[in-house]
$ cat model13.txt   # compact mmCIF, C-alpha atoms (C1' of nucleotides)
# COMPACT_ATOMS: atom_id res chain seq x y z
CA MET A 20 117.51 119.59 -2.14
CA SER A 21 120.97 118.36 -1.44
CA LYS A 22 121.93 118.23 -5.05
CA GLN A 23 125.65 118.42 -5.56
CA ALA A 24 127.58 119.59 -8.58
CA THR A 25 127.85 115.90 -9.57
CA ALA A 26 131.22 114.32 -10.15
CA LEU A 27 133.70 115.92 -7.83
CA PRO A 28 136.94 114.57 -9.15
CA LEU A 29 140.25 114.59 -7.39
CA VAL A 30 139.27 117.19 -4.81
CA ASP A 31 136.94 116.36 -1.96
CA LEU A 32 135.14 119.55 -1.05
CA ASN A 33 133.70 118.01 2.09
CA ALA A 34 136.90 116.74 3.60
CA ASP A 35 138.00 118.24 6.87
CA ALA A 36 141.65 118.20 5.94
CA PRO A 37 142.76 120.77 3.38
CA CYS A 38 142.68 119.43 -0.15
CA CYS A 39 145.77 121.31 -1.16
CA PRO A 40 148.50 123.59 0.09
CA PRO A 41 147.88 127.33 0.00
CA LEU A 42 147.68 128.98 -3.36
CA ALA A 43 150.89 130.88 -2.66
CA THR A 44 152.87 127.78 -1.74
CA ARG A 45 152.50 125.66 -4.83
CA ARG A 46 150.94 126.31 -8.22
CA ILE A 47 147.39 125.03 -8.36
CA PRO A 48 146.77 122.34 -10.99
CA ALA A 49 144.15 123.12 -13.61
CA GLU A 50 141.81 120.41 -12.29
CA THR A 51 141.88 121.83 -8.79
CA ALA A 52 141.24 125.31 -10.11
CA ALA A 53 138.28 124.01 -12.11
CA VAL A 54 136.75 122.51 -8.97
CA LEU A 55 137.40 125.41 -6.59
CA ALA A 56 136.75 128.39 -8.88
CA PRO A 57 132.95 127.86 -8.95
CA ALA A 58 132.88 128.18 -5.16
CA PHE A 59 134.71 131.51 -5.29
CA LYS A 60 132.46 132.56 -8.13
CA ALA A 61 129.40 131.84 -6.01
CA LEU A 62 130.81 134.08 -3.29
CA GLY A 63 131.56 136.75 -5.86
CA ASP A 64 128.17 138.42 -5.60
CA PRO A 65 127.41 140.82 -2.72
CA VAL A 66 123.96 139.36 -2.14
CA ARG A 67 125.25 135.79 -2.02
CA LEU A 68 128.13 136.79 0.23
CA GLN A 69 125.65 138.30 2.67
CA LEU A 70 123.35 135.28 2.38
CA MET A 71 126.30 133.00 3.10
CA SER A 72 127.20 135.05 6.15
CA MET A 73 123.64 135.18 7.43
CA ILE A 74 123.34 131.41 7.10
CA ALA A 75 126.74 130.57 8.54
CA SER A 76 126.36 132.91 11.49
CA ALA A 77 122.74 132.08 12.26
CA ASP A 78 121.70 130.73 15.63
CA GLY A 79 121.67 126.94 15.54
CA GLY A 80 123.74 127.03 12.37
CA GLU A 81 120.75 127.33 10.09
CA ALA A 82 118.60 130.05 8.63
CA CYS A 83 115.05 130.02 7.30
CA VAL A 84 114.42 131.44 3.83
CA CYS A 85 111.59 133.35 5.43
CA ASP A 86 114.19 135.27 7.45
CA LEU A 87 116.65 135.70 4.59
CA THR A 88 114.30 137.11 1.96
CA PRO A 89 113.02 140.19 3.79
CA ALA A 90 116.62 141.24 4.53
CA PHE A 91 117.04 142.30 0.90
CA GLU A 92 115.11 144.52 -1.42
CA LEU A 93 114.86 141.74 -3.93
CA SER A 94 112.06 139.48 -5.08
CA GLY A 95 111.57 136.00 -3.65
CA PRO A 96 112.53 134.28 -6.89
CA THR A 97 115.78 136.21 -6.99
CA ILE A 98 116.75 135.15 -3.47
CA SER A 99 115.76 131.61 -4.31
CA HIS A 100 117.97 131.76 -7.36
CA HIS A 101 120.96 132.93 -5.32
CA LEU A 102 120.39 130.19 -2.76
CA LYS A 103 120.34 127.67 -5.58
CA THR A 104 123.64 129.03 -6.85
CA LEU A 105 125.22 128.66 -3.40
CA ARG A 106 123.75 125.18 -3.14
CA GLU A 107 125.10 124.06 -6.51
CA ALA A 108 128.51 125.44 -5.56
CA GLY A 109 128.43 123.10 -2.57
CA LEU A 110 128.51 125.93 -0.05
CA ILE A 111 125.16 125.35 1.59
CA ASP A 112 122.61 122.64 2.05
CA GLY A 113 118.85 123.07 2.20
CA GLU A 114 116.16 121.11 3.96
CA ARG A 115 112.40 121.53 4.02
CA ARG A 116 110.75 121.10 7.42
CA GLY A 117 107.04 121.58 7.23
CA THR A 118 106.19 124.90 5.73
CA TRP A 119 109.66 126.37 5.82
CA VAL A 120 112.98 125.67 4.17
CA TYR A 121 116.19 125.93 6.18
CA TYR A 122 119.72 126.31 4.88
CA ARG A 123 122.99 125.52 6.61
CA ALA A 124 126.62 126.07 5.63
CA ARG A 125 128.84 123.17 4.65
CA PRO A 126 131.94 123.72 6.77
CA GLY A 127 134.23 121.45 4.75
CA ILE A 128 134.37 123.54 1.64
CA MET A 129 134.75 126.74 3.64
CA ARG A 130 137.89 125.27 5.17
CA GLN A 131 139.17 124.30 1.74
CA LEU A 132 138.76 127.82 0.45
CA ALA A 133 140.24 129.46 3.54
CA GLY A 134 143.20 127.09 3.43
CA LEU A 135 143.83 127.88 -0.18
CA LEU A 136 144.02 131.59 0.52
CA ALA A 137 146.15 131.24 3.65
CA THR A 138 149.37 133.19 3.42
CA GLU A 139 151.02 131.80 6.54
CA MET B 11 149.80 149.98 -13.75
CA SER B 12 148.94 150.04 -10.12
CA LYS B 13 145.42 151.28 -10.69
CA GLN B 14 143.14 150.49 -7.81
CA ALA B 15 139.38 150.14 -7.76
CA THR B 16 139.31 153.75 -6.50
CA ALA B 17 137.53 154.67 -3.30
CA LEU B 18 137.84 151.81 -0.87
CA PRO B 19 135.47 152.86 1.85
CA LEU B 20 135.23 151.38 5.30
CA VAL B 21 137.30 148.34 4.54
CA ASP B 22 141.03 148.55 3.99
CA LEU B 23 141.96 145.74 1.68
CA ASN B 24 145.64 146.28 2.24
CA ALA B 25 145.65 146.21 6.01
CA ASP B 26 147.55 143.44 7.69
CA ALA B 27 144.96 143.02 10.41
CA PRO B 28 141.69 141.38 9.41
CA CYS B 29 139.04 143.90 8.41
CA CYS B 30 136.25 141.89 9.92
CA PRO B 31 135.45 138.78 11.88
CA PRO B 32 134.88 135.55 9.98
CA LEU B 33 131.79 135.34 7.85
CA ALA B 34 130.39 132.67 10.15
CA THR B 35 130.85 134.68 13.32
CA ARG B 36 128.90 137.80 12.56
CA ARG B 37 126.66 138.78 9.69
CA ILE B 38 128.55 140.80 7.07
CA PRO B 39 127.20 144.31 6.49
CA ALA B 40 126.13 145.14 2.97
CA GLU B 41 128.98 147.64 2.51
CA THR B 42 131.59 145.06 3.45
CA ALA B 43 130.04 142.53 1.10
CA ALA B 44 130.10 145.08 -1.69
CA VAL B 45 133.82 145.65 -1.18
CA LEU B 46 134.87 142.02 -0.75
CA ALA B 47 132.64 140.30 -3.30
CA PRO B 48 134.58 141.63 -6.32
CA ALA B 49 137.73 139.98 -4.99
CA PHE B 50 135.99 136.60 -4.72
CA LYS B 51 134.49 137.18 -8.12
CA ALA B 52 137.93 137.73 -9.59
CA LEU B 53 139.04 134.39 -8.15
CA GLY B 54 135.91 132.74 -9.53
CA ASP B 55 137.42 131.88 -12.88
CA PRO B 56 139.68 128.83 -13.25
CA VAL B 57 142.19 130.67 -15.38
CA ARG B 58 142.45 133.58 -12.95
CA LEU B 59 142.72 131.23 -9.99
CA GLN B 60 145.65 129.52 -11.66
CA LEU B 61 147.21 132.85 -12.62
CA MET B 62 146.87 134.00 -9.04
CA SER B 63 148.54 130.85 -7.81
CA MET B 64 151.33 131.04 -10.36
CA ILE B 65 152.05 134.65 -9.37
CA ALA B 66 151.78 134.14 -5.62
CA SER B 67 153.93 131.02 -5.63
CA ALA B 68 156.54 132.26 -8.08
CA ASP B 69 160.19 132.50 -7.13
CA GLY B 70 160.96 135.97 -5.82
CA GLY B 71 157.25 136.59 -5.39
CA GLU B 72 156.74 137.81 -8.90
CA ALA B 73 155.96 136.32 -12.28
CA CYS B 74 156.58 137.59 -15.79
CA VAL B 75 153.66 137.72 -18.22
CA CYS B 76 155.96 135.99 -20.66
CA ASP B 77 155.96 132.95 -18.34
CA LEU B 78 152.26 133.08 -17.56
CA THR B 79 150.87 133.28 -21.08
CA PRO B 80 152.35 130.08 -22.54
CA ALA B 81 150.98 128.10 -19.58
CA PHE B 82 147.49 128.37 -21.07
CA GLU B 83 146.00 127.60 -24.42
CA LEU B 84 144.62 131.10 -24.64
CA SER B 85 145.54 134.17 -26.63
CA GLY B 86 147.76 136.90 -25.23
CA PRO B 87 144.95 139.45 -25.09
CA THR B 88 142.84 137.05 -23.07
CA ILE B 89 145.55 136.50 -20.48
CA SER B 90 146.14 140.23 -20.37
CA HIS B 91 142.44 140.74 -19.77
CA HIS B 92 142.43 138.29 -16.87
CA LEU B 93 145.46 139.97 -15.32
CA LYS B 94 143.70 143.30 -15.58
CA THR B 95 140.70 141.82 -13.79
CA LEU B 96 142.90 140.55 -10.95
CA ARG B 97 144.62 143.94 -10.83
CA GLU B 98 141.37 145.87 -10.62
CA ALA B 99 140.19 143.54 -7.86
CA GLY B 100 143.28 144.59 -5.91
CA LEU B 101 144.71 141.08 -5.86
CA ILE B 102 147.88 141.74 -7.84
CA ASP B 103 150.10 144.57 -8.85
CA GLY B 104 151.97 144.94 -12.11
CA GLU B 105 155.21 146.64 -12.99
CA ARG B 106 157.03 147.01 -16.28
CA ARG B 107 160.80 146.51 -16.19
CA GLY B 108 162.33 146.96 -19.58
CA THR B 109 160.73 144.65 -22.08
CA TRP B 110 158.79 142.55 -19.63
CA VAL B 111 155.94 143.10 -17.21
CA TYR B 112 156.00 141.46 -13.80
CA TYR B 113 153.10 140.83 -11.47
CA ARG B 114 153.12 140.23 -7.72
CA ALA B 115 150.41 139.28 -5.27
CA ARG B 116 149.12 141.78 -2.71
CA PRO B 117 149.24 139.82 0.53
CA GLY B 118 146.92 142.12 2.52
CA ILE B 119 143.77 141.35 0.63
CA MET B 120 144.55 137.63 0.58
CA ARG B 121 144.62 137.71 4.36
CA GLN B 122 141.31 139.57 4.46
CA LEU B 123 139.65 136.95 2.31
CA ALA B 124 141.16 134.02 4.18
CA GLY B 125 140.14 135.57 7.50
CA LEU B 126 136.61 136.03 6.29
CA LEU B 127 136.30 132.36 5.38
CA ALA B 128 137.98 131.09 8.53
CA THR B 129 135.78 128.67 10.45
CA GLU B 130 137.93 128.49 13.55
C1' DA C 9 165.16 155.76 -38.29
C1' DG C 10 163.59 151.18 -38.85
C1' DT C 11 162.38 146.85 -36.96
C1' DC C 12 161.43 143.24 -33.80
C1' DT C 13 159.25 141.51 -29.57
C1' DG C 14 156.32 141.68 -25.55
C1' DT C 15 152.14 143.54 -23.73
C1' DC C 16 147.95 146.14 -23.75
C1' DT C 17 143.67 148.28 -25.83
C1' DC C 18 139.78 148.12 -28.85
C1' DG C 19 135.76 146.24 -31.06
C1' DA C 20 133.05 142.35 -31.83
C1' DC C 21 130.68 138.16 -30.77
C1' DA C 22 128.35 134.40 -28.21
C1' DA C 23 127.45 132.79 -23.75
C1' DG C 24 126.34 133.64 -19.03
C1' DC C 25 124.22 136.19 -15.16
C1' DG C 26 120.96 138.98 -12.14
C1' DT C 27 116.54 140.37 -12.03
C1' DC C 28 111.62 140.17 -12.43
C1' DG C 29 106.53 138.49 -12.82
C1' DA C 30 103.79 134.50 -13.69
C1' DA C 31 102.93 130.06 -12.91
C1' DC C 32 103.79 125.98 -10.27
C1' DT C 33 104.46 122.72 -6.02
C1' DA C 34 104.52 121.26 -1.00
C1' DG C 35 102.47 121.53 3.37
C1' DA C 36 99.27 123.43 6.68
C1' DT C 37 94.73 124.56 7.94
C1' DG C 38 89.97 125.13 7.50
C1' DC D 16 88.38 119.24 -0.99
C1' DA D 17 89.32 124.30 -1.03
C1' DT D 18 92.32 127.66 0.20
C1' DC D 19 96.20 129.96 1.97
C1' DT D 20 101.27 130.63 2.50
C1' DA D 21 106.30 129.63 1.61
C1' DG D 22 109.53 128.49 -1.97
C1' DT D 23 110.79 127.03 -6.40
C1' DT D 24 110.78 126.81 -11.44
C1' DC D 25 110.06 128.98 -15.90
C1' DG D 26 110.57 132.39 -19.51
C1' DA D 27 112.00 136.75 -20.64
C1' DC D 28 114.72 140.95 -20.45
C1' DG D 29 119.05 143.64 -20.50
C1' DC D 30 123.75 143.78 -18.79
C1' DT D 31 128.18 141.58 -18.06
C1' DT D 32 131.88 138.39 -19.23
C1' DG D 33 135.32 135.38 -21.72
C1' DT D 34 137.24 134.99 -25.88
C1' DC D 35 139.39 136.36 -30.14
C1' DG D 36 141.87 139.10 -34.04
C1' DA D 37 143.52 143.50 -35.37
C1' DG D 38 145.85 147.18 -34.17
C1' DA D 39 148.46 150.35 -30.89
C1' DC D 40 152.19 151.15 -27.69
C1' DA D 41 156.82 150.58 -25.23
C1' DG D 42 161.47 149.18 -25.10
C1' DA D 43 165.50 147.00 -27.06
C1' DC D 44 168.55 146.44 -30.79
C1' DT D 45 170.24 147.23 -35.10
$ encode --input "model13.txt" --output "structure tokens"
Amino acid sequence: MSKQATALPLVDLNADAPCCPPLATRRIPAETAAVLAPAFKALGDPVRLQLMSMIASADGGEACVCDLTPAFELSGPTISHHLKTLREAGLIDGERRGTWVYYRARPGIMRQLAGLLATE
Amino acid sequence: MSKQATALPLVDLNADAPCCPPLATRRIPAETAAVLAPAFKALGDPVRLQLMSMIASADGGEACVCDLTPAFELSGPTISHHLKTLREAGLIDGERRGTWVYYRARPGIMRQLAGLLATE
DNA sequence: AGTCTGTCTCGACAAGCGTCGAACTAGATG
DNA sequence: CATCTAGTTCGACGCTTGTCGAGACAGACT
């Protein structure tokens, strides 16, 4: 349930400190782009962007799938698929507790992405 | 050359002030997600992420296609296609000056995206 | 006008993605 | 054990995307 994209080279997506200077400050190396692009890609779908926001802004920092699914006019498998995509991009982490599954945001990678886009 | 995604409702991608509170503060409305997701999607390709960085970090704030293309092992049409994608996402703006075409980053939307991801 | 160079458009192709229903698994509860 | 519910996985379907080569277009320079 906490499966990670396996082999995260050179860039630590969980670090608190920014991995790299803003995109506009210095040209991103190809390896960095290869690691970070999938995270942006995962956020590049309206449903996943909303899911991400619902999870990150949820009370207690976590959201139950049972609360996420009915917020969309989409089938359960489709929501599950989007959550898997976010998970494999390293943006969220899921945990089963009894009957329900809860997801929480991984703050490290969010900081990496925000730092990269910073214009300062 | 400065074609825009036409009809930007509710959210002004060029504004200097953030359009909305961070993703983790309040749940993003569907309309906002629909407007912002395409920008993340455009950044969700390693080549485009590098292009974006090369343009945004270039001397004078602009980069010539003639300098961008040879930086990748890709055909001219492919680079041109990626630049068009970034353009249509509102991330860059192109201008022809004589023989060459120059692209520059649109700082407003970058701020919107960074603000949305801010964890504060 | 002719030509050369830089960039874009077009058409094609394989690969990837979003969606669904059906079938499956994990826990809870009878 | 039987059954019910919450989520996930699987297989399939059409649509989108990344890539290319061929050709078109725009300026510069003979």
$ interface_residues --input "model13.txt" --of "chain B" --to "chain A" --cutoff "9 Å" --atoms "all atoms listed in the file" --output "PyMOL selection string"
chain B and resi 32-68+71+115+117+120-121+123-130
$ residues_around --input "model13.txt" --residues "region 23-25 of chain D" --least-positions-apart "2" --cutoff "10 Å" --atoms "only C-alpha atoms (C1' of nucleotides)" --output "PDB file with C-alpha atoms (C1' of nucleotides), keeping the file's coordinate frame"
ATOM      1  CA  GLY A  95     111.570 136.000  -3.650  1.00  0.00           C
ATOM      2  CA  PRO A  96     112.530 134.280  -6.890  1.00  0.00           C
ATOM      3  CA  SER A  99     115.760 131.610  -4.310  1.00  0.00           C
ATOM      4  CA  HIS A 100     117.970 131.760  -7.360  1.00  0.00           C
ATOM      5  CA  LYS A 103     120.340 127.670  -5.580  1.00  0.00           C
TER       6      LYS A 103
ATOM      7  C1'  DA C  30     103.790 134.500 -13.690  1.00  0.00           C
ATOM      8  C1'  DA C  31     102.930 130.060 -12.910  1.00  0.00           C
ATOM      9  C1'  DC C  32     103.790 125.980 -10.270  1.00  0.00           C
ATOM     10  C1'  DT C  33     104.460 122.720  -6.020  1.00  0.00           C
TER      11       DT C  33
ATOM     12  C1'  DA D  21     106.300 129.630   1.610  1.00  0.00           C
ATOM     13  C1'  DA D  27     112.000 136.750 -20.640  1.00  0.00           C
TER      14       DA D  27
END
$ calpha_fit_and_write --input "model13.txt" --fixed "chain A" --moving "chain B" --output "PDB file with C-alpha atoms, keeping the file's coordinate frame"
ATOM      1  CA  MET B  11     117.410 119.580  -2.134  1.00  0.00           C
ATOM      2  CA  SER B  12     120.881 118.401  -1.440  1.00  0.00           C
ATOM      3  CA  LYS B  13     121.862 118.266  -5.083  1.00  0.00           C
ATOM      4  CA  GLN B  14     125.583 118.444  -5.571  1.00  0.00           C
ATOM      5  CA  ALA B  15     127.550 119.577  -8.589  1.00  0.00           C
ATOM      6  CA  THR B  16     127.863 115.868  -9.467  1.00  0.00           C
ATOM      7  CA  ALA B  17     131.237 114.270 -10.032  1.00  0.00           C
ATOM      8  CA  LEU B  18     133.755 115.910  -7.761  1.00  0.00           C
ATOM      9  CA  PRO B  19     136.986 114.500  -9.061  1.00  0.00           C
ATOM     10  CA  LEU B  20     140.335 114.643  -7.353  1.00  0.00           C
ATOM     11  CA  VAL B  21     139.336 117.211  -4.801  1.00  0.00           C
ATOM     12  CA  ASP B  22     136.993 116.392  -1.956  1.00  0.00           C
ATOM     13  CA  LEU B  23     135.197 119.567  -1.063  1.00  0.00           C
ATOM     14  CA  ASN B  24     133.743 118.059   2.061  1.00  0.00           C
ATOM     15  CA  ALA B  25     136.932 116.754   3.591  1.00  0.00           C
ATOM     16  CA  ASP B  26     138.016 118.231   6.870  1.00  0.00           C
ATOM     17  CA  ALA B  27     141.675 118.200   5.922  1.00  0.00           C
ATOM     18  CA  PRO B  28     142.795 120.773   3.370  1.00  0.00           C
ATOM     19  CA  CYS B  29     142.708 119.442  -0.178  1.00  0.00           C
ATOM     20  CA  CYS B  30     145.789 121.333  -1.194  1.00  0.00           C
ATOM     21  CA  PRO B  31     148.510 123.616   0.046  1.00  0.00           C
ATOM     22  CA  PRO B  32     147.889 127.355  -0.009  1.00  0.00           C
ATOM     23  CA  LEU B  33     147.658 129.002  -3.379  1.00  0.00           C
ATOM     24  CA  ALA B  34     150.865 130.896  -2.670  1.00  0.00           C
ATOM     25  CA  THR B  35     152.876 127.826  -1.759  1.00  0.00           C
ATOM     26  CA  ARG B  36     152.517 125.710  -4.842  1.00  0.00           C
ATOM     27  CA  ARG B  37     150.985 126.359  -8.225  1.00  0.00           C
ATOM     28  CA  ILE B  38     147.408 125.061  -8.411  1.00  0.00           C
ATOM     29  CA  PRO B  39     146.821 122.393 -11.060  1.00  0.00           C
ATOM     30  CA  ALA B  40     144.198 123.154 -13.662  1.00  0.00           C
ATOM     31  CA  GLU B  41     141.866 120.426 -12.357  1.00  0.00           C
ATOM     32  CA  THR B  42     141.936 121.842  -8.844  1.00  0.00           C
ATOM     33  CA  ALA B  43     141.265 125.327 -10.158  1.00  0.00           C
ATOM     34  CA  ALA B  44     138.330 124.016 -12.146  1.00  0.00           C
ATOM     35  CA  VAL B  45     136.807 122.490  -9.020  1.00  0.00           C
ATOM     36  CA  LEU B  46     137.441 125.388  -6.639  1.00  0.00           C
ATOM     37  CA  ALA B  47     136.761 128.363  -8.901  1.00  0.00           C
ATOM     38  CA  PRO B  48     132.971 127.823  -8.952  1.00  0.00           C
ATOM     39  CA  ALA B  49     132.902 128.136  -5.169  1.00  0.00           C
ATOM     40  CA  PHE B  50     134.719 131.484  -5.292  1.00  0.00           C
ATOM     41  CA  LYS B  51     132.463 132.524  -8.117  1.00  0.00           C
ATOM     42  CA  ALA B  52     129.413 131.796  -6.004  1.00  0.00           C
ATOM     43  CA  LEU B  53     130.807 134.051  -3.278  1.00  0.00           C
ATOM     44  CA  GLY B  54     131.540 136.739  -5.859  1.00  0.00           C
ATOM     45  CA  ASP B  55     128.159 138.397  -5.603  1.00  0.00           C
ATOM     46  CA  PRO B  56     127.398 140.790  -2.733  1.00  0.00           C
ATOM     47  CA  VAL B  57     123.968 139.340  -2.137  1.00  0.00           C
ATOM     48  CA  ARG B  58     125.258 135.767  -2.016  1.00  0.00           C
ATOM     49  CA  LEU B  59     128.132 136.762   0.244  1.00  0.00           C
ATOM     50  CA  GLN B  60     125.654 138.265   2.673  1.00  0.00           C
ATOM     51  CA  LEU B  61     123.355 135.252   2.390  1.00  0.00           C
ATOM     52  CA  MET B  62     126.291 132.989   3.104  1.00  0.00           C
ATOM     53  CA  SER B  63     127.191 135.025   6.149  1.00  0.00           C
ATOM     54  CA  MET B  64     123.628 135.158   7.417  1.00  0.00           C
ATOM     55  CA  ILE B  65     123.325 131.371   7.098  1.00  0.00           C
ATOM     56  CA  ALA B  66     126.731 130.534   8.545  1.00  0.00           C
ATOM     57  CA  SER B  67     126.343 132.885  11.491  1.00  0.00           C
ATOM     58  CA  ALA B  68     122.724 132.072  12.264  1.00  0.00           C
ATOM     59  CA  ASP B  69     121.679 130.700  15.627  1.00  0.00           C
ATOM     60  CA  GLY B  70     121.652 126.914  15.527  1.00  0.00           C
ATOM     61  CA  GLY B  71     123.704 127.020  12.348  1.00  0.00           C
ATOM     62  CA  GLU B  72     120.730 127.300  10.079  1.00  0.00           C
ATOM     63  CA  ALA B  73     118.586 130.047   8.625  1.00  0.00           C
ATOM     64  CA  CYS B  74     115.046 130.031   7.290  1.00  0.00           C
ATOM     65  CA  VAL B  75     114.404 131.442   3.820  1.00  0.00           C
ATOM     66  CA  CYS B  76     111.591 133.382   5.420  1.00  0.00           C
ATOM     67  CA  ASP B  77     114.207 135.293   7.451  1.00  0.00           C
ATOM     68  CA  LEU B  78     116.656 135.714   4.597  1.00  0.00           C
ATOM     69  CA  THR B  79     114.327 137.116   1.957  1.00  0.00           C
ATOM     70  CA  PRO B  80     113.063 140.214   3.792  1.00  0.00           C
ATOM     71  CA  ALA B  81     116.663 141.238   4.537  1.00  0.00           C
ATOM     72  CA  PHE B  82     117.063 142.307   0.908  1.00  0.00           C
ATOM     73  CA  GLU B  83     115.138 144.549  -1.395  1.00  0.00           C
ATOM     74  CA  LEU B  84     114.871 141.766  -3.923  1.00  0.00           C
ATOM     75  CA  SER B  85     112.074 139.504  -5.060  1.00  0.00           C
ATOM     76  CA  GLY B  86     111.571 136.033  -3.632  1.00  0.00           C
ATOM     77  CA  PRO B  87     112.517 134.297  -6.873  1.00  0.00           C
ATOM     78  CA  THR B  88     115.779 136.206  -6.972  1.00  0.00           C
ATOM     79  CA  ILE B  89     116.750 135.164  -3.461  1.00  0.00           C
ATOM     80  CA  SER B  90     115.743 131.617  -4.283  1.00  0.00           C
ATOM     81  CA  HIS B  91     117.958 131.759  -7.347  1.00  0.00           C
ATOM     82  CA  HIS B  92     120.940 132.928  -5.309  1.00  0.00           C
ATOM     83  CA  LEU B  93     120.393 130.173  -2.756  1.00  0.00           C
ATOM     84  CA  LYS B  94     120.316 127.644  -5.558  1.00  0.00           C
ATOM     85  CA  THR B  95     123.622 129.000  -6.833  1.00  0.00           C
ATOM     86  CA  LEU B  96     125.211 128.633  -3.389  1.00  0.00           C
ATOM     87  CA  ARG B  97     123.730 125.139  -3.131  1.00  0.00           C
ATOM     88  CA  GLU B  98     125.086 124.037  -6.489  1.00  0.00           C
ATOM     89  CA  ALA B  99     128.500 125.408  -5.537  1.00  0.00           C
ATOM     90  CA  GLY B 100     128.397 123.065  -2.544  1.00  0.00           C
ATOM     91  CA  LEU B 101     128.498 125.907  -0.038  1.00  0.00           C
ATOM     92  CA  ILE B 102     125.127 125.324   1.604  1.00  0.00           C
ATOM     93  CA  ASP B 103     122.569 122.635   2.039  1.00  0.00           C
ATOM     94  CA  GLY B 104     118.820 123.067   2.185  1.00  0.00           C
ATOM     95  CA  GLU B 105     116.116 121.128   3.943  1.00  0.00           C
ATOM     96  CA  ARG B 106     112.367 121.581   4.034  1.00  0.00           C
ATOM     97  CA  ARG B 107     110.697 121.165   7.427  1.00  0.00           C
ATOM     98  CA  GLY B 108     106.989 121.647   7.206  1.00  0.00           C
ATOM     99  CA  THR B 109     106.168 124.999   5.710  1.00  0.00           C
ATOM    100  CA  TRP B 110     109.644 126.442   5.816  1.00  0.00           C
ATOM    101  CA  VAL B 111     112.967 125.700   4.175  1.00  0.00           C
ATOM    102  CA  TYR B 112     116.169 125.936   6.178  1.00  0.00           C
ATOM    103  CA  TYR B 113     119.696 126.305   4.891  1.00  0.00           C
ATOM    104  CA  ARG B 114     122.979 125.485   6.616  1.00  0.00           C
ATOM    105  CA  ALA B 115     126.584 126.058   5.653  1.00  0.00           C
ATOM    106  CA  ARG B 116     128.834 123.154   4.670  1.00  0.00           C
ATOM    107  CA  PRO B 117     131.933 123.728   6.773  1.00  0.00           C
ATOM    108  CA  GLY B 118     134.253 121.439   4.769  1.00  0.00           C
ATOM    109  CA  ILE B 119     134.375 123.520   1.648  1.00  0.00           C
ATOM    110  CA  MET B 120     134.756 126.732   3.643  1.00  0.00           C
ATOM    111  CA  ARG B 121     137.892 125.275   5.173  1.00  0.00           C
ATOM    112  CA  GLN B 122     139.200 124.289   1.747  1.00  0.00           C
ATOM    113  CA  LEU B 123     138.772 127.808   0.452  1.00  0.00           C
ATOM    114  CA  ALA B 124     140.243 129.448   3.536  1.00  0.00           C
ATOM    115  CA  GLY B 125     143.207 127.068   3.429  1.00  0.00           C
ATOM    116  CA  LEU B 126     143.823 127.873  -0.192  1.00  0.00           C
ATOM    117  CA  LEU B 127     144.004 131.594   0.526  1.00  0.00           C
ATOM    118  CA  ALA B 128     146.110 131.230   3.655  1.00  0.00           C
ATOM    119  CA  THR B 129     149.337 133.213   3.449  1.00  0.00           C
ATOM    120  CA  GLU B 130     150.933 131.776   6.555  1.00  0.00           C
TER     121      GLU B 130
END
$ atom_distance --input "model13.txt" --atom1 "C1' of DC25 (chain C)" --atom2 "CA of Gly113 (chain A)"
22.4 Å
$ interface_residues --input "model13.txt" --of "chain B" --to "chain D" --cutoff "8 Å" --atoms "all atoms listed in the file" --output "PyMOL selection string"
chain B and resi 85+88+108-109
$ closest_residue --input "model13.txt" --among "B:Leu84, B:Cys29, B:Cys76, B:Ile102" --to "chain C" --atoms "all atoms listed in the file"
B:Cys76
$ closest_atom_pairs --input "model13.txt" --of "chain C" --to "chain B" --cutoff "10 Å" --atoms "only C-alpha atoms (C1' of nucleotides)" --output "Markdown table"
| residue | atom | partner | partner_atom | distance |
| --- | --- | --- | --- | --- |
| C:DT13 | C1' | B:Thr109 | CA | 8.3 |
| C:DG14 | C1' | B:Thr109 | CA | 6.3 |
| C:DT15 | C1' | B:Val111 | CA | 7.6 |
| C:DC16 | C1' | B:Ser90 | CA | 7.0 |
| C:DT17 | C1' | B:Pro87 | CA | 9.0 |
$ atom_distance --input "model13.txt" --atom1 "CA of His101 (chain A)" --atom2 "C1' of DG26 (chain C)"
9.1 Å
$ atom_distance --input "model13.txt" --atom1 "CA of Leu87 (chain A)" --atom2 "C1' of DT27 (chain C)"
17.3 Å
$ build_atoms --input "model13.txt" --residues "region 80-86 of chain B" --atoms "N, CA and C atoms" --output "PDB file, in the coordinates of the input"
ATOM      1  N   PRO B  80     152.246 131.386 -21.885  1.00  0.00           N
ATOM      2  CA  PRO B  80     152.350 130.080 -22.540  1.00  0.00           C
ATOM      3  C   PRO B  80     151.852 128.921 -21.691  1.00  0.00           C
ATOM      4  N   ALA B  81     151.480 129.176 -20.435  1.00  0.00           N
ATOM      5  CA  ALA B  81     150.980 128.100 -19.580  1.00  0.00           C
ATOM      6  C   ALA B  81     149.521 127.779 -19.884  1.00  0.00           C
ATOM      7  N   PHE B  82     148.904 128.593 -20.719  1.00  0.00           N
ATOM      8  CA  PHE B  82     147.490 128.370 -21.070  1.00  0.00           C
ATOM      9  C   PHE B  82     147.329 128.304 -22.575  1.00  0.00           C
ATOM     10  N   GLU B  83     146.286 127.641 -22.990  1.00  0.00           N
ATOM     11  CA  GLU B  83     146.000 127.600 -24.420  1.00  0.00           C
ATOM     12  C   GLU B  83     145.032 128.730 -24.756  1.00  0.00           C
ATOM     13  N   LEU B  84     145.456 129.923 -24.433  1.00  0.00           N
ATOM     14  CA  LEU B  84     144.620 131.100 -24.640  1.00  0.00           C
ATOM     15  C   LEU B  84     145.477 132.182 -25.288  1.00  0.00           C
ATOM     16  N   SER B  85     144.812 133.102 -25.955  1.00  0.00           N
ATOM     17  CA  SER B  85     145.540 134.170 -26.630  1.00  0.00           C
ATOM     18  C   SER B  85     146.154 135.138 -25.625  1.00  0.00           C
ATOM     19  N   GLY B  86     147.140 135.882 -26.070  1.00  0.00           N
ATOM     20  CA  GLY B  86     147.760 136.900 -25.230  1.00  0.00           C
ATOM     21  C   GLY B  86     146.766 137.916 -24.704  1.00  0.00           C
TER      22      GLY B  86
END
